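A.B. asks: Here it is, the structure, as structure tokens.
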Amino acid sequence: MQSVLLILTHPNLQQSKINYHLIQKANQLDFVHVHDLCEIYADGVIDIESEQKLLAEFDIVVFQHPFYWYSAPALLKEWFDLVLQYGYAYGPGGDSLKGKKWLSVITTGGGQTAYCKTGHNRFTMEQLLTPIEQTAHLCQMEYLAPFVVHGTGKLFDDKVRLDQVSSDYLKTLRLLGEGA
Amino acid sequence: MENNLLADAVTYLAAAVVSVPIAKRLGLGSVLGYLVAGVIIGPFVLSFLSHPKDVMHFAEFGVVLMLFLIGLELKPSLLWKLRIPILGSGGLQVFITTLLVTAIGLFFGLPWQQALAIGMILSLSSTAIALQSLQEKGQMKSTAGQGAFAVLLFQDIAVIPMLAILPLLASSSDVASIAAHSGELHGWKKGLVAGGIIAGIVIGGRFLMNPIFSFIAKSQLREVFTATALLLVISVALAMQSIGLSPALGTFLAGVVLAESDYRHELESNIEPFKGLLLGLFFISVGASIDFNIFAADPALIIFLTLGLIILKYLVLQLLGRFTPMARPDRYTFAFVLSQAGEFAFVLFAFALGVNLLPQDLVSQLTLVVALSMLLTPLMLIVNDKFVQPLFRETKAEPVSDDISEENKVIIIGFGRFGQAVGRLLAANKISTTILDHDASQIDMVRRYGYKVYFGEGERHDLLHAAGAEDADVIVVAVDEPERSLRIIKAIQHHFPHVKILARAINRPHATDLLKAGVTAVERETLAGGLELGAKVMQQLGWRHNAAWRASRLFKKHDDEMVKQLATMSGDEKMFINHSMETRSFIEKTLEEDQHWEHEVDEHAWERPGKLKKNVHLD
């Protein structure tokens with residue numbers, strides 16, 4: 001029985017090392033349903049109805065994507081705009097997602113040190129992710145501490161850190177899927 | 001006499017029909033099957049045949065056809081790439097083997113002329129056996145296959161000077177008589193004629209054959225096309241023979257010239273069955289010619305000579321393999337597949353006997369050795385496959401690169417309006433395709449724009465095979481007749497089950513049939529265009545383009561979904577719903593279903609309900 005819906009959004013997965021690497025691992029977990037938005041909605045026209053049907057089947061939703069311009073890739077933003085509808089996800093009667101868990105898995109090119117007051121991104125990840133945290137909150141979903149992978153550019157030169165990231169990723173998914 | 005011919009035909013065909021499938025089933029390969037069949041119907045077992053030697057001469061034409069087909073697969077540019085292995089491995093193989101066999105001959109006390117003649121003749125390998133075996137195993141494009149081919153090509157060329165040298169080796173008194181009856185042309189005159197014929201083949205093949213084939217293809221008579229193809233090959237062979245050059249070499253050259261022709265695949269599939277039959281006949285006659293009386297007279301000597309010859313040739317080839325970029329396992333295949341003596345040996349031995357260079361009893365013994373070495377090759381290849389190659393399995397992590405391979409991963413059948421759209425998109429993204437179309441005038445037109453289009457009807461298995469369906473990942477069936485499209489798909493699924501089929505659907509019923517047939521994906525030819533224009537209509541009516549586009553795409557998704565459901569639902573097996581009445585009721589049903597499609601969820605996409613104004617138009 002699949003219990004985790006992993007919504008992957010990566011417009012350039014073929015050239016992404018870390019997301020490709022991680023998603024291969026996730027694909028091996030039989031309790032994870034990987035839902036690849038860029039593959040399914042190549043033309044950007046998202047089918048709201050079928051997305052909402054899919055969401056209804058899961059209590060845990062993982063959004064995995066690279067961090068583009070301090071936010072989600074456009075297609076995932078479009079997905080938020082369309083699928084998280086008034087009367088469905090928020091507003092009167094909008095409690096379809098109530099109580100579901102939300103985990104963001106986000107990869108960034110910059111290192112961890114870049115994301116602080118003195119770093120060149122000037123804000124912490126926590127601060128930058130507040131719109132997403134609030135989105136989950138408005139949908140009455142349980143926002144879990146995001147799983148962030150920094151410095152993806154150099155990750156593949158550092159075998160020890162790569163192994164650590166991979167095993168942390170798998171552990172997180174397992175905890176979510178089996179612990180729930 | 002006629003009865004005799006028919007009886008012989010029945011004997012040969014029956015022997016082949018019985019023994020070859022059994023040999024294939026036992027994993028022994030067709031060559032061994034034919035050879036054994038020949039032994040069985042030959043004079044020493046059942047003695048069914050009247051003139052095995054005559055048949056062999058006739059069947060040697062199979063080798064000629066085979067070289068034509070090989071030429072067709074080798075574009076001049078590829079041949080140029082092979083020049084180093086041809087001259088290097090090929091030249092050295094012939095030279096070293098000749099030297100060693102000559103030395104052994106001298107050791108046995110033969111005069112040097114005889115020893116040298118035997119050395120040259122036995123240095124040749126069997127093109128027929130080697131290439132047939134490699135093709136059967138699909139190894140023609142491996143480095144071993146390419147290496148073996150290069151050596152064989154050099155040997156074919158080397159036959160020409162050998163034919164010239166053999167009479168010179170004979171005693172001087174005989175030379176005069178040979179020269180007298182071998183031809184009227186001498187020296188530079190002969191060279192001139194040869195050059196002229198070769199130039200004729202190249203120029204004619206390059207400029208004359210395309211219009212001729214195009215003209216004949218337009219007649220839509222397949223047998224005339226076959227006749228033209230055969231006529232071409234036989235004429236070239238005859239022209240070459242008449243000037244004392246190897247006919248096999250001539251047809252090979254003709255093949256290379258035509259490798260760039262648009263009719264390459266059609267030629268291939270027309271000649272292929274003749275080649276197969278004649279080669280089979282050739283192998284049978286080799287089997288039948290094995291003379292067991294000579295064997296019985298001195299079995300030890302024959303066995304010693306046969307094994308000695310094979311081992312010697314094998315060692316020379318192994319040695320040469322080390323100097324090529326061939327991987328180790330490939331070197332074994334390369335050495336095993338070329339370690340026999342070849343069909344040219346029969347010809348050259350007979351020739352040497354004719355010029356009194358070699359004595360009769362020696363020639364019969366050596367001919368037997370040649371035949372036995374050919375018989376043993378398939379067995380050695382089995383040893384290679386079963387015992388030698390597995391030793392390298394682990395080290396063979398990376399697949400052998402076959403940069404020689406020209407096969408495209410995508411084949412498009414039908415290059416009309418629809419197929420062109422597919423092909424253009426792929427071409428624009430550097431994905432090359434093999435294109436088949438059956439409309440000769442269409443081919444001419446498209447060809448003018450630089451596309452490589454081949455003439456042919458897609459449902460023929462041999463044509464699909466020739467177009468490289470075995471190595472293709474995807475075949476696009478884009479023909480415009482539903483019935484033909486389904487026939488082609490059936491044929492592909494039957495012969496090449498691994499290939500993904502993406503198909504053009506003419507209409508909704510056809511799409512349903514295609515999905516029922518199990519294709520990977522379909523696209524209806526007019527749906528996407530119609531719906532896009534529909535979106536533009538909505539735009540003119542004041543819809544924002546993105547909203548209209550979205551409505552149009554969602555409608556298509558819904559409609560595709562409906563067709564998929566239809567394909568799984570109905571139990572009725574109406575494969576061809578072409579009847580106008582049925583098509584009309586189909587449309588009626590569709591229109592009715594559309595009325596039930598509700599998509600009110602979309603009414604408030606992006607925004608809260610009530611805020612959406614559909615008629616906002618900013619201009």
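We name chains A, B, ... following the order of the structure tokens; residues begin at 1 in each chain, and ligands are numbered from 1 as shown.
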Please build the interface table for chain A against chain B with a cut-off of 12 Å, listing for each qualifying residue the nearest atom pair and the distance in Å to one decimal; count only C-alpha atoms, order rows by chain and increasing number, and write it as a tab-separated table.
C.D. replies:
```
residue	atom	partner	partner_atom	distance
A:Ile40	CA	B:Lys557	CA	11.5
A:Tyr41	CA	B:Arg553	CA	10.6
A:Ala42	CA	B:Arg553	CA	11.3
A:Asp43	CA	B:Arg553	CA	8.6
A:Gly44	CA	B:Arg550	CA	8.8
A:Val45	CA	B:Arg550	CA	5.9
A:Ile46	CA	B:Leu554	CA	8.3
A:Asp47	CA	B:Leu554	CA	7.1
A:Ile48	CA	B:Val601	CA	7.3
A:Glu49	CA	B:Val601	CA	6.8
A:Ser50	CA	B:Val601	CA	10.6
A:Glu51	CA	B:Val601	CA	11.5
A:Gln52	CA	B:Val601	CA	10.3
A:Lys77	CA	B:Trp606	CA	10.9
A:Glu78	CA	B:Trp606	CA	8.4
A:Trp79	CA	B:Trp606	CA	9.6
A:Phe80	CA	B:Trp606	CA	9.0
A:Asp81	CA	B:Trp606	CA	5.3
A:Leu82	CA	B:Trp606	CA	5.1
A:Val83	CA	B:Ala605	CA	8.0
A:Leu84	CA	B:Trp606	CA	9.0
A:Gln85	CA	B:Ala605	CA	7.3
A:Tyr86	CA	B:Arg608	CA	5.9
A:Gly87	CA	B:Arg608	CA	8.6
A:Tyr88	CA	B:Val601	CA	10.1
A:Ala89	CA	B:Arg608	CA	11.8
A:Tyr90	CA	B:Arg608	CA	10.5
A:Gly91	CA	B:Arg608	CA	9.5
A:Pro92	CA	B:Arg608	CA	11.3
A:Gly94	CA	B:Arg608	CA	12.0
```
A.B. asks: Quick one: residues within 12 Å of Leu232 of chain B, only C-alpha atoms, excluding same-chain residues fewer than 4 positions away - as a VMD selection string?
C.D. replies: chain B and resid 65 68 201 204 to 205 208 to 209 212 to 213 225 to 228 236 to 239 250 to 251 254 to 255 258 267 271
A.B. asks: List the neighbours of Val257 of chain B out to 8 Å using only C-alpha atoms; skip same-chain residues closer than 5 positions along the sequence, and give me the result as a ChimeraX atom specification.
C.D. replies: /B:71-72,75-76,201-202,205-206
A.B. asks: For Leu463 of chain B, find every residue with an atom within 7 Å (counting only C-alpha atoms), except residues of its own chain fewer than 3 positions away, and show them as an MDAnalysis selection string.
C.D. replies: chainID B and resid 265:266 269 458 460 466:467
A.B. asks: Just give me the gap between atom CA of Phe334 of chain B and atom CA of Ala144 of chain B in Å, one decimal is fine.
C.D. replies: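 Distance between the two atoms: 5.0 Å.
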A.B. asks: Let me make sure I understand: among B:Leu131, B:Leu6, B:Val363, B:Ile197, which one has the smallest atom-to-atom distance to Val347 of chain B if we use only C-alpha atoms?
C.D. replies: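 Counting only C-alpha atoms, the residue closest to Val347 of chain B is B:Val363.
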A.B. asks: What is the atom CA of Leu122 of chain B-atom CA of Ile86 of chain B distance in Å, reported with one decimal?
C.D. replies: 18.5 Å
A.B. asks: Could you tell me how far atom CA of Met162 of chain B sits from atom CA of Ala345 of chain B, in Å to one decimal place?
C.D. replies: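 These two atoms are separated by 11.0 Å.
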A.B. asks: List every residue of segment 509-554 of chain B that DSSP, applied to the backbone of this structure, assigns to strand (DSSP E or B), and report them as a list of chain:residue names.
C.D. replies: B:Ala521, B:Val522, B:Glu523, B:Arg524
A.B. asks: Just to be explicit: take each residue in the selection above, keep C-alpha atoms, and write the result as a JSON list (two decimals), in the first residue's frame.
C.D. replies:
```
[["chain", "number", "residue", "atom", "x", "y", "z"],
["B", 521, "ALA", "CA", 0.84, 5.47, -28.49],
["B", 522, "VAL", "CA", -1.51, 6.90, -31.09],
["B", 523, "GLU", "CA", -2.21, 10.42, -32.26],
["B", 524, "ARG", "CA", -5.26, 11.20, -34.34]]
```
A.B. asks: So which residues touch Asn507 of chain B within 8 Å, counting only C-alpha atoms, skipping near sequence neighbours fewer than 3 positions away, as a list in words?
C.D. replies: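 The residues that qualify are His510, Ala511, Arg524, Glu525 and Thr526 of chain B.
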A.B. asks: Convert the current residue selection to file output with N, CA and C atoms, as a short mmCIF file (atom, residue, chain, number, x, y, z; two decimals), in the first residue's frame.
C.D. replies:
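Printed below is part_16.cif as written:
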```cif
data_model
loop_
_atom_site.label_atom_id
_atom_site.label_comp_id
_atom_site.auth_asym_id
_atom_site.auth_seq_id
_atom_site.Cartn_x
_atom_site.Cartn_y
_atom_site.Cartn_z
N HIS B 510 -10.34 4.13 -35.96
CA HIS B 510 -9.00 3.60 -36.23
C HIS B 510 -8.13 3.69 -34.98
N ALA B 511 -8.25 4.80 -34.25
CA ALA B 511 -7.48 4.95 -33.01
C ALA B 511 -7.82 3.83 -32.04
N ARG B 524 -4.33 11.07 -33.21
CA ARG B 524 -5.26 11.20 -34.34
C ARG B 524 -4.81 12.35 -35.23
N GLU B 525 -4.84 12.12 -36.53
CA GLU B 525 -4.15 13.03 -37.44
C GLU B 525 -4.73 14.44 -37.46
N THR B 526 -6.03 14.58 -37.22
CA THR B 526 -6.62 15.92 -37.35
C THR B 526 -7.03 16.52 -36.02
#
```
A.B. asks: For segment 478-487 of chain B, please output as a PDB file with N, CA and C atoms, in the first residue's frame all residues within 10 Å (counting only C-alpha atoms; exclusion window: fewer than 6 positions along the same chain).
C.D. replies:
```pdb
ATOM      1  N   ILE B 412      10.395   5.512 -39.893  1.00  0.00           N
ATOM      2  CA  ILE B 412       9.076   6.072 -40.171  1.00  0.00           C
ATOM      3  C   ILE B 412       8.526   5.405 -41.423  1.00  0.00           C
ATOM      4  N   ILE B 413       7.378   4.784 -41.291  1.00  0.00           N
ATOM      5  CA  ILE B 413       6.753   4.150 -42.450  1.00  0.00           C
ATOM      6  C   ILE B 413       5.615   5.041 -42.910  1.00  0.00           C
ATOM      7  N   GLY B 414       5.714   5.511 -44.111  1.00  0.00           N
ATOM      8  CA  GLY B 414       4.717   6.442 -44.629  1.00  0.00           C
ATOM      9  C   GLY B 414       5.222   7.852 -44.407  1.00  0.00           C
ATOM     10  N   PHE B 415       5.588   8.538 -45.503  1.00  0.00           N
ATOM     11  CA  PHE B 415       6.170   9.873 -45.343  1.00  0.00           C
ATOM     12  C   PHE B 415       5.323  10.888 -46.081  1.00  0.00           C
ATOM     13  N   GLY B 416       4.033  10.821 -45.814  1.00  0.00           N
ATOM     14  CA  GLY B 416       3.130  11.836 -46.356  1.00  0.00           C
ATOM     15  C   GLY B 416       3.127  13.037 -45.422  1.00  0.00           C
ATOM     16  N   ARG B 417       2.008  13.776 -45.408  1.00  0.00           N
ATOM     17  CA  ARG B 417       1.934  14.990 -44.589  1.00  0.00           C
ATOM     18  C   ARG B 417       2.256  14.699 -43.136  1.00  0.00           C
ATOM     19  N   PHE B 418       1.718  13.577 -42.657  1.00  0.00           N
ATOM     20  CA  PHE B 418       1.856  13.278 -41.232  1.00  0.00           C
ATOM     21  C   PHE B 418       3.283  12.821 -40.893  1.00  0.00           C
ATOM     22  N   GLY B 419       3.742  11.826 -41.662  1.00  0.00           N
ATOM     23  CA  GLY B 419       5.082  11.309 -41.405  1.00  0.00           C
ATOM     24  C   GLY B 419       6.143  12.392 -41.531  1.00  0.00           C
ATOM     25  N   GLN B 420       5.926  13.329 -42.459  1.00  0.00           N
ATOM     26  CA  GLN B 420       6.888  14.420 -42.630  1.00  0.00           C
ATOM     27  C   GLN B 420       6.980  15.279 -41.379  1.00  0.00           C
ATOM     28  N   VAL B 422       6.469  14.382 -38.328  1.00  0.00           N
ATOM     29  CA  VAL B 422       7.237  13.628 -37.335  1.00  0.00           C
ATOM     30  C   VAL B 422       8.725  13.675 -37.679  1.00  0.00           C
ATOM     31  N   LEU B 436      10.510   4.930 -44.915  1.00  0.00           N
ATOM     32  CA  LEU B 436      10.003   4.055 -45.974  1.00  0.00           C
ATOM     33  C   LEU B 436       8.705   4.641 -46.512  1.00  0.00           C
ATOM     34  N   ASP B 437       8.595   4.660 -47.819  1.00  0.00           N
ATOM     35  CA  ASP B 437       7.344   5.120 -48.408  1.00  0.00           C
ATOM     36  C   ASP B 437       7.101   4.335 -49.689  1.00  0.00           C
ATOM     37  N   HIS B 438       5.836   4.145 -50.042  1.00  0.00           N
ATOM     38  CA  HIS B 438       5.572   3.307 -51.215  1.00  0.00           C
ATOM     39  C   HIS B 438       5.150   4.113 -52.418  1.00  0.00           C
ATOM     40  N   GLU B 457       7.167  -1.162 -49.387  1.00  0.00           N
ATOM     41  CA  GLU B 457       5.890  -1.326 -48.708  1.00  0.00           C
ATOM     42  C   GLU B 457       6.162  -1.878 -47.321  1.00  0.00           C
ATOM     43  N   GLY B 458       5.676  -1.161 -46.342  1.00  0.00           N
ATOM     44  CA  GLY B 458       6.091  -1.410 -44.961  1.00  0.00           C
ATOM     45  C   GLY B 458       5.708  -2.733 -44.354  1.00  0.00           C
ATOM     46  N   GLU B 459       4.704  -3.446 -44.896  1.00  0.00           N
ATOM     47  CA  GLU B 459       4.298  -4.638 -44.170  1.00  0.00           C
ATOM     48  C   GLU B 459       5.139  -5.859 -44.524  1.00  0.00           C
ATOM     49  N   ARG B 460       6.050  -5.689 -45.473  1.00  0.00           N
ATOM     50  CA  ARG B 460       6.859  -6.856 -45.825  1.00  0.00           C
ATOM     51  C   ARG B 460       7.967  -7.047 -44.813  1.00  0.00           C
ATOM     52  N   GLN B 493       4.706  -6.403 -35.025  1.00  0.00           N
ATOM     53  CA  GLN B 493       4.562  -7.070 -33.730  1.00  0.00           C
ATOM     54  C   GLN B 493       4.958  -8.535 -33.810  1.00  0.00           C
ATOM     55  N   LEU B 502       4.515   3.592 -32.601  1.00  0.00           N
ATOM     56  CA  LEU B 502       3.714   4.798 -32.419  1.00  0.00           C
ATOM     57  C   LEU B 502       2.994   5.028 -33.732  1.00  0.00           C
ATOM     58  N   ALA B 503       1.675   5.226 -33.653  1.00  0.00           N
ATOM     59  CA  ALA B 503       0.925   5.188 -34.897  1.00  0.00           C
ATOM     60  C   ALA B 503       0.079   6.436 -35.114  1.00  0.00           C
ATOM     61  N   ARG B 504      -0.068   6.759 -36.391  1.00  0.00           N
ATOM     62  CA  ARG B 504      -0.991   7.809 -36.817  1.00  0.00           C
ATOM     63  C   ARG B 504      -2.372   7.173 -36.937  1.00  0.00           C
ATOM     64  N   ALA B 505      -3.350   7.766 -36.262  1.00  0.00           N
ATOM     65  CA  ALA B 505      -4.714   7.265 -36.389  1.00  0.00           C
ATOM     66  C   ALA B 505      -5.473   8.184 -37.334  1.00  0.00           C
ATOM     67  N   ILE B 506      -6.218   7.582 -38.263  1.00  0.00           N
ATOM     68  CA  ILE B 506      -6.949   8.373 -39.238  1.00  0.00           C
ATOM     69  C   ILE B 506      -8.164   9.013 -38.582  1.00  0.00           C
ATOM     70  N   ASN B 507      -8.841   8.220 -37.766  1.00  0.00           N
ATOM     71  CA  ASN B 507     -10.027   8.745 -37.092  1.00  0.00           C
ATOM     72  C   ASN B 507     -10.225   7.990 -35.782  1.00  0.00           C
ATOM     73  N   PRO B 509     -12.436   5.589 -34.807  1.00  0.00           N
ATOM     74  CA  PRO B 509     -12.482   4.123 -34.845  1.00  0.00           C
ATOM     75  C   PRO B 509     -11.098   3.508 -35.064  1.00  0.00           C
ATOM     76  N   HIS B 510     -10.339   4.129 -35.959  1.00  0.00           N
ATOM     77  CA  HIS B 510      -9.004   3.600 -36.231  1.00  0.00           C
ATOM     78  C   HIS B 510      -8.129   3.686 -34.983  1.00  0.00           C
ATOM     79  N   ALA B 511      -8.246   4.798 -34.249  1.00  0.00           N
ATOM     80  CA  ALA B 511      -7.480   4.946 -33.014  1.00  0.00           C
ATOM     81  C   ALA B 511      -7.817   3.826 -32.039  1.00  0.00           C
ATOM     82  N   ASP B 513      -8.976   0.858 -32.806  1.00  0.00           N
ATOM     83  CA  ASP B 513      -8.389  -0.387 -33.316  1.00  0.00           C
ATOM     84  C   ASP B 513      -6.900  -0.465 -33.019  1.00  0.00           C
ATOM     85  N   LEU B 514      -6.222   0.661 -33.182  1.00  0.00           N
ATOM     86  CA  LEU B 514      -4.775   0.687 -32.942  1.00  0.00           C
ATOM     87  C   LEU B 514      -4.478   0.371 -31.485  1.00  0.00           C
ATOM     88  N   ALA B 517      -4.921  -3.134 -30.814  1.00  0.00           N
ATOM     89  CA  ALA B 517      -3.812  -3.930 -31.346  1.00  0.00           C
ATOM     90  C   ALA B 517      -2.581  -3.844 -30.450  1.00  0.00           C
ATOM     91  N   GLU B 523      -1.774   9.027 -32.154  1.00  0.00           N
ATOM     92  CA  GLU B 523      -2.207  10.418 -32.263  1.00  0.00           C
ATOM     93  C   GLU B 523      -3.153  10.466 -33.440  1.00  0.00           C
ATOM     94  N   GLU B 525      -4.844  12.119 -36.528  1.00  0.00           N
ATOM     95  CA  GLU B 525      -4.153  13.028 -37.445  1.00  0.00           C
ATOM     96  C   GLU B 525      -4.727  14.444 -37.457  1.00  0.00           C
ATOM     97  N   MET B 575     -12.521  -4.954 -36.518  1.00  0.00           N
ATOM     98  CA  MET B 575     -11.224  -4.313 -36.662  1.00  0.00           C
ATOM     99  C   MET B 575     -11.280  -3.118 -37.611  1.00  0.00           C
ATOM    100  N   PHE B 576     -12.004  -3.254 -38.683  1.00  0.00           N
ATOM    101  CA  PHE B 576     -12.035  -2.166 -39.655  1.00  0.00           C
ATOM    102  C   PHE B 576     -13.423  -1.537 -39.704  1.00  0.00           C
ATOM    103  N   ILE B 577     -13.598  -0.506 -38.929  1.00  0.00           N
ATOM    104  CA  ILE B 577     -14.889   0.170 -39.003  1.00  0.00           C
ATOM    105  C   ILE B 577     -14.770   1.246 -40.052  1.00  0.00           C
ATOM    106  N   ASN B 578     -14.922   0.856 -41.280  1.00  0.00           N
ATOM    107  CA  ASN B 578     -14.746   1.819 -42.351  1.00  0.00           C
ATOM    108  C   ASN B 578     -16.065   2.175 -43.003  1.00  0.00           C
TER     109      ASN B 578
END
```
A.B. asks: Have a look at A:Leu162, A:Ala136, A:Leu13, A:Cys116 and name the one nearest to Asp95 of chain A; count only C-alpha atoms.
C.D. replies: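 Of the candidates, the smallest distance to Asp95 of chain A is held by A:Ala136.
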A.B. asks: Of the residues A:Lys117, A:Lys53, A:Lys17, A:His65, which is the one nearest to Asp157 of chain A, using only C-alpha atoms?
C.D. replies: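 Counting only C-alpha atoms, the residue closest to Asp157 of chain A is A:Lys17.
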A.B. asks: Just list as a PyMOL selection string whatever in segment 74-181 of chain B DSSP marks as helix (DSSP H, G or I).
C.D. replies: chain B and resi 76-81+83-107+112-123+127-136+143-169+172-181
A.B. asks: Write out as a list in words which residues come within 12 Å of Gln139 of chain B when counting only C-alpha atoms, dropping same-chain ones fewer than 6 positions away.
C.D. replies: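 Counting only C-alpha atoms, the residues come to Ala130, Leu131, Gln132, Ser133, Gly145, Gln146, Gly147, Ala148, Phe149, Asp330, Thr333, Phe334, Val337, Val400, Asp402 and Ser405 of chain B.
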A.B. asks: Keeping N, CA and C atoms, export the residues of the selection given above as a PDB file, in the first residue's frame.
C.D. replies:
```pdb
ATOM      1  N   ALA B 130      32.043 -17.706 -43.541  1.00  0.00           N
ATOM      2  CA  ALA B 130      32.343 -16.732 -42.491  1.00  0.00           C
ATOM      3  C   ALA B 130      31.236 -15.682 -42.386  1.00  0.00           C
ATOM      4  N   LEU B 131      30.850 -15.100 -43.518  1.00  0.00           N
ATOM      5  CA  LEU B 131      29.867 -14.020 -43.442  1.00  0.00           C
ATOM      6  C   LEU B 131      28.489 -14.538 -43.091  1.00  0.00           C
ATOM      7  N   GLN B 132      28.131 -15.686 -43.635  1.00  0.00           N
ATOM      8  CA  GLN B 132      26.824 -16.246 -43.303  1.00  0.00           C
ATOM      9  C   GLN B 132      26.737 -16.518 -41.801  1.00  0.00           C
ATOM     10  N   SER B 133      27.808 -17.090 -41.242  1.00  0.00           N
ATOM     11  CA  SER B 133      27.794 -17.396 -39.802  1.00  0.00           C
ATOM     12  C   SER B 133      27.733 -16.113 -38.988  1.00  0.00           C
ATOM     13  N   GLY B 145      33.376  -8.914 -36.570  1.00  0.00           N
ATOM     14  CA  GLY B 145      32.733  -9.014 -37.874  1.00  0.00           C
ATOM     15  C   GLY B 145      33.385  -8.077 -38.883  1.00  0.00           C
ATOM     16  N   GLN B 146      33.626  -6.848 -38.454  1.00  0.00           N
ATOM     17  CA  GLN B 146      34.237  -5.881 -39.355  1.00  0.00           C
ATOM     18  C   GLN B 146      35.655  -6.308 -39.740  1.00  0.00           C
ATOM     19  N   GLY B 147      36.398  -6.815 -38.753  1.00  0.00           N
ATOM     20  CA  GLY B 147      37.769  -7.270 -39.017  1.00  0.00           C
ATOM     21  C   GLY B 147      37.770  -8.417 -40.009  1.00  0.00           C
ATOM     22  N   ALA B 148      36.886  -9.403 -39.766  1.00  0.00           N
ATOM     23  CA  ALA B 148      36.810 -10.557 -40.659  1.00  0.00           C
ATOM     24  C   ALA B 148      36.430 -10.109 -42.059  1.00  0.00           C
ATOM     25  N   PHE B 149      35.483  -9.162 -42.108  1.00  0.00           N
ATOM     26  CA  PHE B 149      35.043  -8.685 -43.406  1.00  0.00           C
ATOM     27  C   PHE B 149      36.189  -8.031 -44.173  1.00  0.00           C
ATOM     28  N   ASP B 330      36.737 -10.792 -29.036  1.00  0.00           N
ATOM     29  CA  ASP B 330      36.495 -10.621 -30.467  1.00  0.00           C
ATOM     30  C   ASP B 330      37.606 -11.236 -31.303  1.00  0.00           C
ATOM     31  N   THR B 333      36.749 -14.857 -31.905  1.00  0.00           N
ATOM     32  CA  THR B 333      35.729 -15.011 -32.940  1.00  0.00           C
ATOM     33  C   THR B 333      36.344 -14.791 -34.313  1.00  0.00           C
ATOM     34  N   PHE B 334      37.117 -13.718 -34.424  1.00  0.00           N
ATOM     35  CA  PHE B 334      37.785 -13.342 -35.677  1.00  0.00           C
ATOM     36  C   PHE B 334      38.643 -14.488 -36.193  1.00  0.00           C
ATOM     37  N   VAL B 337      36.461 -17.757 -37.106  1.00  0.00           N
ATOM     38  CA  VAL B 337      35.544 -17.657 -38.241  1.00  0.00           C
ATOM     39  C   VAL B 337      36.300 -17.649 -39.582  1.00  0.00           C
ATOM     40  N   VAL B 400      30.770  -3.526 -26.941  1.00  0.00           N
ATOM     41  CA  VAL B 400      31.709  -3.170 -28.008  1.00  0.00           C
ATOM     42  C   VAL B 400      31.131  -2.016 -28.803  1.00  0.00           C
ATOM     43  N   ASP B 402      30.171   0.011 -31.830  1.00  0.00           N
ATOM     44  CA  ASP B 402      30.084  -0.275 -33.254  1.00  0.00           C
ATOM     45  C   ASP B 402      29.763   1.015 -33.989  1.00  0.00           C
ATOM     46  N   SER B 405      27.999   1.135 -37.264  1.00  0.00           N
ATOM     47  CA  SER B 405      26.565   0.914 -37.383  1.00  0.00           C
ATOM     48  C   SER B 405      25.857   2.160 -37.890  1.00  0.00           C
TER      49      SER B 405
END
```
A.B. asks: Which one is closest to Cys139 of chain A: A:Met125, A:Ile18, A:Leu103, A:Leu97? Count only C-alpha atoms.
C.D. replies: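 Looking only at the distances to Cys139 of chain A, the closest residue turns out to be A:Leu97.
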A.B. asks: Considering only C-alpha atoms, state which residue in the set B:Glu343, B:Glu260, B:Asp471, B:Asp298 is at the smallest distance from Glu60 of chain B.
C.D. replies: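 Result for the nearest residue to Glu60 of chain B: B:Glu343.
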A.B. asks: Using only C-alpha atoms, pick whichever of A:Tyr143, A:Gln134, A:Ala56, A:Gly153 has the shortest atom-to-atom distance to Gln15 of chain A.
C.D. replies: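 Once distances to Gln15 of chain A are computed over only C-alpha atoms, the minimum belongs to A:Gly153.
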